[in-house]
Amino acid sequence: MNLGNAVEHVERVVDRKSVTERGGRNRRYDPGDPGAGRGDQDRRSRPGGDRGARRPWRERGRAGGHATAAWTLLIAGTLVFGVPPSEDGGRVEARPAENPEAIVLARVNGESITSRDLDALLIRSHTTMGDRERATFDFRKLLDRLVHDRLLIQQARALGLDQDEELLAQLWDRRVGYATREYVRTTFEAPDSVAESEIRVEFEEFYWKIQLRQISVPTKEAAQDLVGRIRKGASMDSLAKEVSVDSRRYRGGLHNLVHWVDVDPVLRGPSRDLASGDLSEPFPYRNVYAFVRVEERLPPDDAEYQDRRRGIEKALLSKEKKAAWRRFLQGLGRRIPVRVDSLTLAEIAADSALAFTGEFLVDSDRPVLTVDGGHTVTSFELRKELSHNAMQSARTPFDTLLAEAIEKKREDLLLLRAAEEDGWLDNEAVVAEYEKDLERTLIDAYLTETIVPQIEFRRSEFQEYYDSHLDDFRGPPQVLLGTVLLGSKAEADEVASRLREGADIGFLRKQYSAHGTEAIEDSKWVSASIFSGEIRDALSRLEVGQSTDAFEVATGWMVFKLKDRRAGPLKSLEEADMQIREIMYRKIFKRLLDEHLELLRDRSDLELYGERIDEYFGSNP
């Protein structure tokens, strides 16, 4: 299939799809809003959630291999694609005959692969490829990928992986996430504009200018004494340079003239109502005491309004969205009661001293929060959330972390229950996304069970690969340079000219260093990548012995002479181990997968409808 046919077909397919089929882009809320993508719910609120019931599939079948499940996903993502689900939310079966767009192109052990399946994969592949790849890619291979996907999914189901409790629990989390996201998308209406009058008020309030002078001293008494001396005529500038302990001491305590919005919040209160020339009373400031004097106040400049307007509008809109989200949740809270187990909560709070230790993660299924429908947040889940937050915000008081964790879990439960009551967990689009995730996860699980355990590495293969690909394990090429640093462009241009005429760079350096410029060490090999793009490009064009024009650098002007060039340093085998391991893993995985797929094909009932496939791709049979 050539590029022209591929582009034409993709455009034809896209034209047939509605906005909703493309992913619901007619959204009524900003994806960055609160509530977008919610749904990381507790394990006890979903099927198959009992911990310890069965060893997770991700932990099984690892014997004899050094690979990780993450690498499995990496490889699987490049070789196989998940099969798009049917529109009725069930497993992918033969399409209804009455649908004229769903043409059966192949059957795999009785299950149909249709033009709709291929449409989805073709669009996804086409949009992720570059122009060069699209021009040469054989799009017919996508049908093979769908066949292989179907074979792997069928084998995964035959092994019972679609009944694995841990796997289903993970997928249920995603299903809840899809459901709550769709519930929020269709129910929560975030504000999308701000009145011009509100923007103007914000501008008038925060975009006038003020300049302060500040003195900070260790005690309140010292600050009061200084205020008295300044009021009697002492120079605040001189006193600041003499006694102030903050960073503005060397400027006589003077701040820049800034907009009110940019003033340190600690300084706003004491200075808000002061007129020009007024002194504040001393106030606590970063473990010392400070006072300020207003040096200048300027009203808002209308000429700045248009420049500031967009930023003000964005900030106000964000504030209004957050307020709307809080009101939305309050409404859900009135509709859906959340019951709190105060005793269990008190036990968690009593363990606050253990928050940074493993002892805090008590594996308890006792519910802390509960809503109707049997959905709960357990003690273990709340403790896990708290432990994570404590590690991320070590200086935040435990009580604050606890309140935030409770609120987040309460919010998740409210959204889950609301989405469930409104039927979103069984919504056609949500179920379709769930089925798509299920099939992709089944492929990953099956490959982890069957292919990964067969992967074995031999050290001799590492050494052989390393020896035959040495250039792949080198650092960037290096150069040995002579340099001259000059104080002006005129001098630099003169040095560059004399170097091109054959002058000795050492002589020139000594000659021009007498003018006050610093001599540069030039006996070290360096990577050209440390230089800016312009200098790097110039060095790449030089032959050994040639020199560059003058380049402006932070300390003046510099001219470079290339004394020698060499390949980058070679990594040792030990240093290259992980790089080689990943390469070998990919190679072995692909070989084993190809062999396995060939075996499955030989043992399966495959029907490929050649004329329909040719017609689909727009080529002659």
# chains A, B, ... in the order shown; residues from 1 in each chain; ligands from 1
>>> residues_around(residues="Asp273 of chain A", least_positions_apart="6", cutoff="12 Å", atoms="only C-alpha atoms", output="number ranges by chain")
A: 210, 267, 279-280, 293-294, 297
>>> write_last_selection(atoms="C-alpha atoms", output="PDB file, in the first residue's frame")
ATOM      1  CA  ILE A 210       5.415  49.895  44.937  1.00  0.00           C
ATOM      2  CA  LEU A 267       5.599  42.328  53.438  1.00  0.00           C
ATOM      3  CA  LEU A 279       7.585  53.683  57.961  1.00  0.00           C
ATOM      4  CA  SER A 280       5.922  50.542  59.210  1.00  0.00           C
ATOM      5  CA  ARG A 293       9.483  52.240  54.309  1.00  0.00           C
ATOM      6  CA  VAL A 294       7.541  52.974  51.143  1.00  0.00           C
ATOM      7  CA  ARG A 297       3.806  54.142  44.971  1.00  0.00           C
TER       8      ARG A 297
END
>>> select_by_dssp(residues="segment 349-552 of chain A", states="strand (DSSP E or B)", output="list of chain:residue names")
A:Pro367, A:Val368, A:Leu369, A:Thr370, A:Val371, A:His375, A:Thr376, A:Val377, A:Thr378, A:Arg474, A:Gln478, A:Val479, A:Leu480, A:Leu481, A:Gly482, A:Thr483, A:Val484, A:Leu485, A:Leu486, A:Trp525, A:Val526, A:Ser527, A:Ser547, A:Phe551, A:Glu552
>>> closest_residue(among="A:Glu296, A:Glu165, A:Glu381, A:Glu491", to="Trp208 of chain A", atoms="only C-alpha atoms")
A:Glu296
>>> select_by_dssp(residues="segment 132-320 of chain A", states="helix (DSSP H, G or I)", output="PyMOL selection string")
chain A and resi 132-136+141-158+161-163+165-187+196-206+220-231+236-243+249-251+260-262+265-271+302-320
>>> closest_atom_pairs(of="segment 107-128 of chain A", to="segment 136-156 of chain A", cutoff="10 Å", atoms="only C-alpha atoms", output="JSON lines")
{"residue": "A:Arg107", "atom": "CA", "partner": "A:Val147", "partner_atom": "CA", "distance": 8.3}
{"residue": "A:Val108", "atom": "CA", "partner": "A:Val147", "partner_atom": "CA", "distance": 6.8}
{"residue": "A:Asn109", "atom": "CA", "partner": "A:Leu151", "partner_atom": "CA", "distance": 8.4}
{"residue": "A:Glu111", "atom": "CA", "partner": "A:Arg150", "partner_atom": "CA", "distance": 8.2}
{"residue": "A:Ser112", "atom": "CA", "partner": "A:Arg150", "partner_atom": "CA", "distance": 9.3}
{"residue": "A:Ile113", "atom": "CA", "partner": "A:Leu146", "partner_atom": "CA", "distance": 7.4}
{"residue": "A:Thr114", "atom": "CA", "partner": "A:Leu143", "partner_atom": "CA", "distance": 9.6}
{"residue": "A:Ser115", "atom": "CA", "partner": "A:Leu143", "partner_atom": "CA", "distance": 9.6}
{"residue": "A:Asp117", "atom": "CA", "partner": "A:Leu146", "partner_atom": "CA", "distance": 7.9}
{"residue": "A:Leu118", "atom": "CA", "partner": "A:Leu143", "partner_atom": "CA", "distance": 6.7}
{"residue": "A:Asp119", "atom": "CA", "partner": "A:Leu142", "partner_atom": "CA", "distance": 9.9}
{"residue": "A:Leu121", "atom": "CA", "partner": "A:Leu142", "partner_atom": "CA", "distance": 7.2}
{"residue": "A:Leu122", "atom": "CA", "partner": "A:Leu142", "partner_atom": "CA", "distance": 7.2}
{"residue": "A:Ser125", "atom": "CA", "partner": "A:Leu142", "partner_atom": "CA", "distance": 8.6}
{"residue": "A:His126", "atom": "CA", "partner": "A:Phe139", "partner_atom": "CA", "distance": 9.0}
>>> residues_around(residues="Gly502 of chain A", least_positions_apart="2", cutoff="10 Å", atoms="only C-alpha atoms", output="PyMOL selection string")
chain A and resi 497-500+504-505+545-547
>>> write_last_selection(atoms="N, CA, C and O atoms", output="PDB file, in the first residue's frame")
ATOM      1  N   SER A 497      42.739  36.046  12.019  1.00  0.00           N
ATOM      2  CA  SER A 497      43.391  36.268  10.731  1.00  0.00           C
ATOM      3  C   SER A 497      44.841  35.799  10.762  1.00  0.00           C
ATOM      4  O   SER A 497      45.316  35.132   9.828  1.00  0.00           O
ATOM      5  N   ARG A 498      45.543  36.107  11.842  1.00  0.00           N
ATOM      6  CA  ARG A 498      46.957  35.724  11.935  1.00  0.00           C
ATOM      7  C   ARG A 498      47.106  34.206  12.057  1.00  0.00           C
ATOM      8  O   ARG A 498      48.071  33.635  11.537  1.00  0.00           O
ATOM      9  N   LEU A 499      46.164  33.546  12.729  1.00  0.00           N
ATOM     10  CA  LEU A 499      46.225  32.089  12.814  1.00  0.00           C
ATOM     11  C   LEU A 499      46.052  31.454  11.440  1.00  0.00           C
ATOM     12  O   LEU A 499      46.714  30.472  11.099  1.00  0.00           O
ATOM     13  N   ARG A 500      45.127  32.012  10.650  1.00  0.00           N
ATOM     14  CA  ARG A 500      44.919  31.480   9.295  1.00  0.00           C
ATOM     15  C   ARG A 500      46.165  31.673   8.429  1.00  0.00           C
ATOM     16  O   ARG A 500      46.413  30.906   7.491  1.00  0.00           O
ATOM     17  N   ASP A 504      51.837  31.153  15.263  1.00  0.00           N
ATOM     18  CA  ASP A 504      51.807  30.166  16.340  1.00  0.00           C
ATOM     19  C   ASP A 504      50.801  30.597  17.410  1.00  0.00           C
ATOM     20  O   ASP A 504      50.864  31.745  17.892  1.00  0.00           O
ATOM     21  N   ILE A 505      49.923  29.681  17.796  1.00  0.00           N
ATOM     22  CA  ILE A 505      48.877  30.046  18.744  1.00  0.00           C
ATOM     23  C   ILE A 505      49.445  30.341  20.130  1.00  0.00           C
ATOM     24  O   ILE A 505      48.948  31.215  20.849  1.00  0.00           O
ATOM     25  N   GLY A 545      44.770  21.379  12.523  1.00  0.00           N
ATOM     26  CA  GLY A 545      45.658  22.488  12.188  1.00  0.00           C
ATOM     27  C   GLY A 545      44.922  23.751  11.794  1.00  0.00           C
ATOM     28  O   GLY A 545      45.518  24.836  11.777  1.00  0.00           O
ATOM     29  N   GLN A 546      43.641  23.660  11.478  1.00  0.00           N
ATOM     30  CA  GLN A 546      42.863  24.839  11.083  1.00  0.00           C
ATOM     31  C   GLN A 546      42.267  25.520  12.321  1.00  0.00           C
ATOM     32  O   GLN A 546      42.166  24.933  13.403  1.00  0.00           O
ATOM     33  N   SER A 547      41.846  26.780  12.146  1.00  0.00           N
ATOM     34  CA  SER A 547      41.284  27.566  13.245  1.00  0.00           C
ATOM     35  C   SER A 547      39.962  28.187  12.832  1.00  0.00           C
ATOM     36  O   SER A 547      39.625  28.255  11.643  1.00  0.00           O
TER      37      SER A 547
END
>>> residues_around(residues="Ala240 of chain A", least_positions_apart="5", cutoff="9 Å", atoms="only C-alpha atoms", output="short mmCIF file (atom, residue, chain, number, x, y, z; two decimals) with all heavy atoms, in the first residue's frame")
data_model
loop_
_atom_site.label_atom_id
_atom_site.label_comp_id
_atom_site.auth_asym_id
_atom_site.auth_seq_id
_atom_site.Cartn_x
_atom_site.Cartn_y
_atom_site.Cartn_z
N ARG A 213 11.88 49.90 51.02
CA ARG A 213 13.22 49.77 51.59
C ARG A 213 13.06 49.04 52.92
O ARG A 213 12.15 49.34 53.69
CB ARG A 213 13.87 51.14 51.79
CG ARG A 213 15.36 51.04 52.14
CD ARG A 213 15.96 52.44 52.34
NE ARG A 213 15.93 53.24 51.15
CZ ARG A 213 16.84 53.25 50.20
NH1 ARG A 213 17.88 52.41 50.30
NH2 ARG A 213 16.76 54.04 49.16
N GLN A 214 13.92 48.09 53.19
CA GLN A 214 13.73 47.19 54.33
C GLN A 214 15.00 47.05 55.16
O GLN A 214 16.10 47.01 54.62
CB GLN A 214 13.31 45.80 53.81
CG GLN A 214 13.19 44.73 54.87
CD GLN A 214 12.84 43.38 54.26
OE1 GLN A 214 12.45 43.29 53.10
NE2 GLN A 214 12.97 42.31 55.04
N ILE A 215 14.80 46.98 56.48
CA ILE A 215 15.88 46.62 57.39
C ILE A 215 15.42 45.46 58.24
O ILE A 215 14.29 45.47 58.76
CB ILE A 215 16.29 47.81 58.30
CG1 ILE A 215 16.93 48.93 57.46
CG2 ILE A 215 17.25 47.35 59.40
CD1 ILE A 215 17.36 50.13 58.27
N SER A 216 16.27 44.44 58.39
CA SER A 216 15.97 43.26 59.20
C SER A 216 17.06 43.12 60.27
O SER A 216 18.25 43.18 59.96
CB SER A 216 15.93 42.00 58.34
OG SER A 216 15.00 42.14 57.29
N SER A 235 19.75 58.21 58.31
CA SER A 235 19.63 57.67 56.96
C SER A 235 19.31 56.18 57.01
O SER A 235 20.11 55.38 57.55
CB SER A 235 20.93 57.88 56.19
OG SER A 235 20.94 57.12 55.00
N VAL A 245 20.39 42.34 58.35
CA VAL A 245 20.86 40.95 58.20
C VAL A 245 20.22 40.23 57.02
O VAL A 245 20.38 39.02 56.88
CB VAL A 245 20.59 40.15 59.51
CG1 VAL A 245 21.38 40.71 60.67
CG2 VAL A 245 19.09 40.12 59.83
N ARG A 248 19.35 42.27 51.15
CA ARG A 248 19.33 43.60 50.51
C ARG A 248 20.19 44.63 51.25
O ARG A 248 20.15 45.81 50.97
CB ARG A 248 17.89 44.10 50.39
CG ARG A 248 17.10 43.31 49.35
CD ARG A 248 15.68 43.83 49.20
NE ARG A 248 15.02 43.14 48.12
CZ ARG A 248 14.53 41.91 48.20
NH1 ARG A 248 14.62 41.25 49.33
NH2 ARG A 248 13.95 41.35 47.16
N ARG A 249 20.94 44.15 52.21
CA ARG A 249 21.80 45.04 53.00
C ARG A 249 22.70 45.88 52.11
O ARG A 249 22.86 47.08 52.33
CB ARG A 249 22.63 44.18 53.96
CG ARG A 249 23.74 44.94 54.65
CD ARG A 249 24.56 44.01 55.52
NE ARG A 249 25.64 44.71 56.18
CZ ARG A 249 26.49 44.16 57.03
NH1 ARG A 249 26.37 42.85 57.30
NH2 ARG A 249 27.45 44.86 57.60
N TYR A 250 23.28 45.23 51.08
CA TYR A 250 24.28 45.94 50.27
C TYR A 250 23.66 46.93 49.30
O TYR A 250 24.38 47.70 48.67
CB TYR A 250 25.15 44.92 49.53
CG TYR A 250 25.84 43.98 50.48
CD1 TYR A 250 25.39 42.67 50.67
CD2 TYR A 250 26.93 44.41 51.23
CE1 TYR A 250 26.02 41.83 51.57
CE2 TYR A 250 27.57 43.57 52.13
CZ TYR A 250 27.11 42.28 52.30
OH TYR A 250 27.72 41.46 53.21
N ARG A 251 22.35 46.92 49.21
CA ARG A 251 21.65 47.95 48.41
C ARG A 251 20.96 48.96 49.31
O ARG A 251 20.07 49.67 48.87
CB ARG A 251 20.61 47.29 47.52
CG ARG A 251 21.17 46.30 46.51
CD ARG A 251 20.07 45.77 45.61
NE ARG A 251 19.44 46.84 44.86
CZ ARG A 251 18.28 46.72 44.21
NH1 ARG A 251 17.64 45.56 44.23
NH2 ARG A 251 17.76 47.74 43.57
N GLY A 252 21.39 49.01 50.55
CA GLY A 252 20.76 49.92 51.49
C GLY A 252 19.34 49.50 51.81
O GLY A 252 18.50 50.34 52.16
N GLY A 253 19.05 48.20 51.65
CA GLY A 253 17.71 47.69 51.95
C GLY A 253 16.70 47.92 50.86
O GLY A 253 15.51 47.60 51.02
N LEU A 254 17.12 48.45 49.71
CA LEU A 254 16.17 48.84 48.66
C LEU A 254 15.69 47.65 47.84
O LEU A 254 16.48 46.85 47.36
CB LEU A 254 16.83 49.87 47.73
CG LEU A 254 15.90 50.55 46.72
CD1 LEU A 254 14.87 51.42 47.45
CD2 LEU A 254 16.71 51.39 45.74
#
>>> closest_residue(among="A:Phe473, A:Tyr434, A:Phe188, A:Phe283", to="Lys321 of chain A", atoms="only C-alpha atoms")
A:Phe188
>>> atom_distance(atom1="atom CA of His469 of chain A", atom2="atom CA of Ile580 of chain A")
10.0 Å
>>> closest_residue(among="A:Leu298, A:Ala349, A:Thr344, A:Pro218", to="Leu401 of chain A", atoms="only C-alpha atoms")
A:Ala349
>>> residues_around(residues="Phe206 of chain A", least_positions_apart="2", cutoff="8 Å", atoms="only C-alpha atoms", output="ChimeraX atom specification")
/A:202-204,208,259-261
>>> residues_around(residues="Leu386 of chain A", least_positions_apart="5", cutoff="8 Å", atoms="only C-alpha atoms", output="NGL selection string")
:A and (355 or 401-402 or 405)
>>> write_last_selection(atoms="N, CA, C and O atoms", output="PDB file, in the first residue's frame")
ATOM      1  N   ALA A 355       5.145   7.364  60.387  1.00  0.00           N
ATOM      2  CA  ALA A 355       4.754   7.624  58.997  1.00  0.00           C
ATOM      3  C   ALA A 355       5.876   7.397  58.003  1.00  0.00           C
ATOM      4  O   ALA A 355       5.620   7.067  56.840  1.00  0.00           O
ATOM      5  N   LEU A 401      -1.546  16.354  56.279  1.00  0.00           N
ATOM      6  CA  LEU A 401      -1.479  15.234  55.332  1.00  0.00           C
ATOM      7  C   LEU A 401      -2.667  14.302  55.506  1.00  0.00           C
ATOM      8  O   LEU A 401      -3.242  13.819  54.525  1.00  0.00           O
ATOM      9  N   LEU A 402      -3.052  14.039  56.759  1.00  0.00           N
ATOM     10  CA  LEU A 402      -4.180  13.148  57.028  1.00  0.00           C
ATOM     11  C   LEU A 402      -5.472  13.738  56.480  1.00  0.00           C
ATOM     12  O   LEU A 402      -6.262  13.035  55.823  1.00  0.00           O
ATOM     13  N   ALA A 405      -5.450  13.464  52.687  1.00  0.00           N
ATOM     14  CA  ALA A 405      -5.638  12.091  52.221  1.00  0.00           C
ATOM     15  C   ALA A 405      -7.089  11.654  52.379  1.00  0.00           C
ATOM     16  O   ALA A 405      -7.662  11.010  51.491  1.00  0.00           O
TER      17      ALA A 405
END
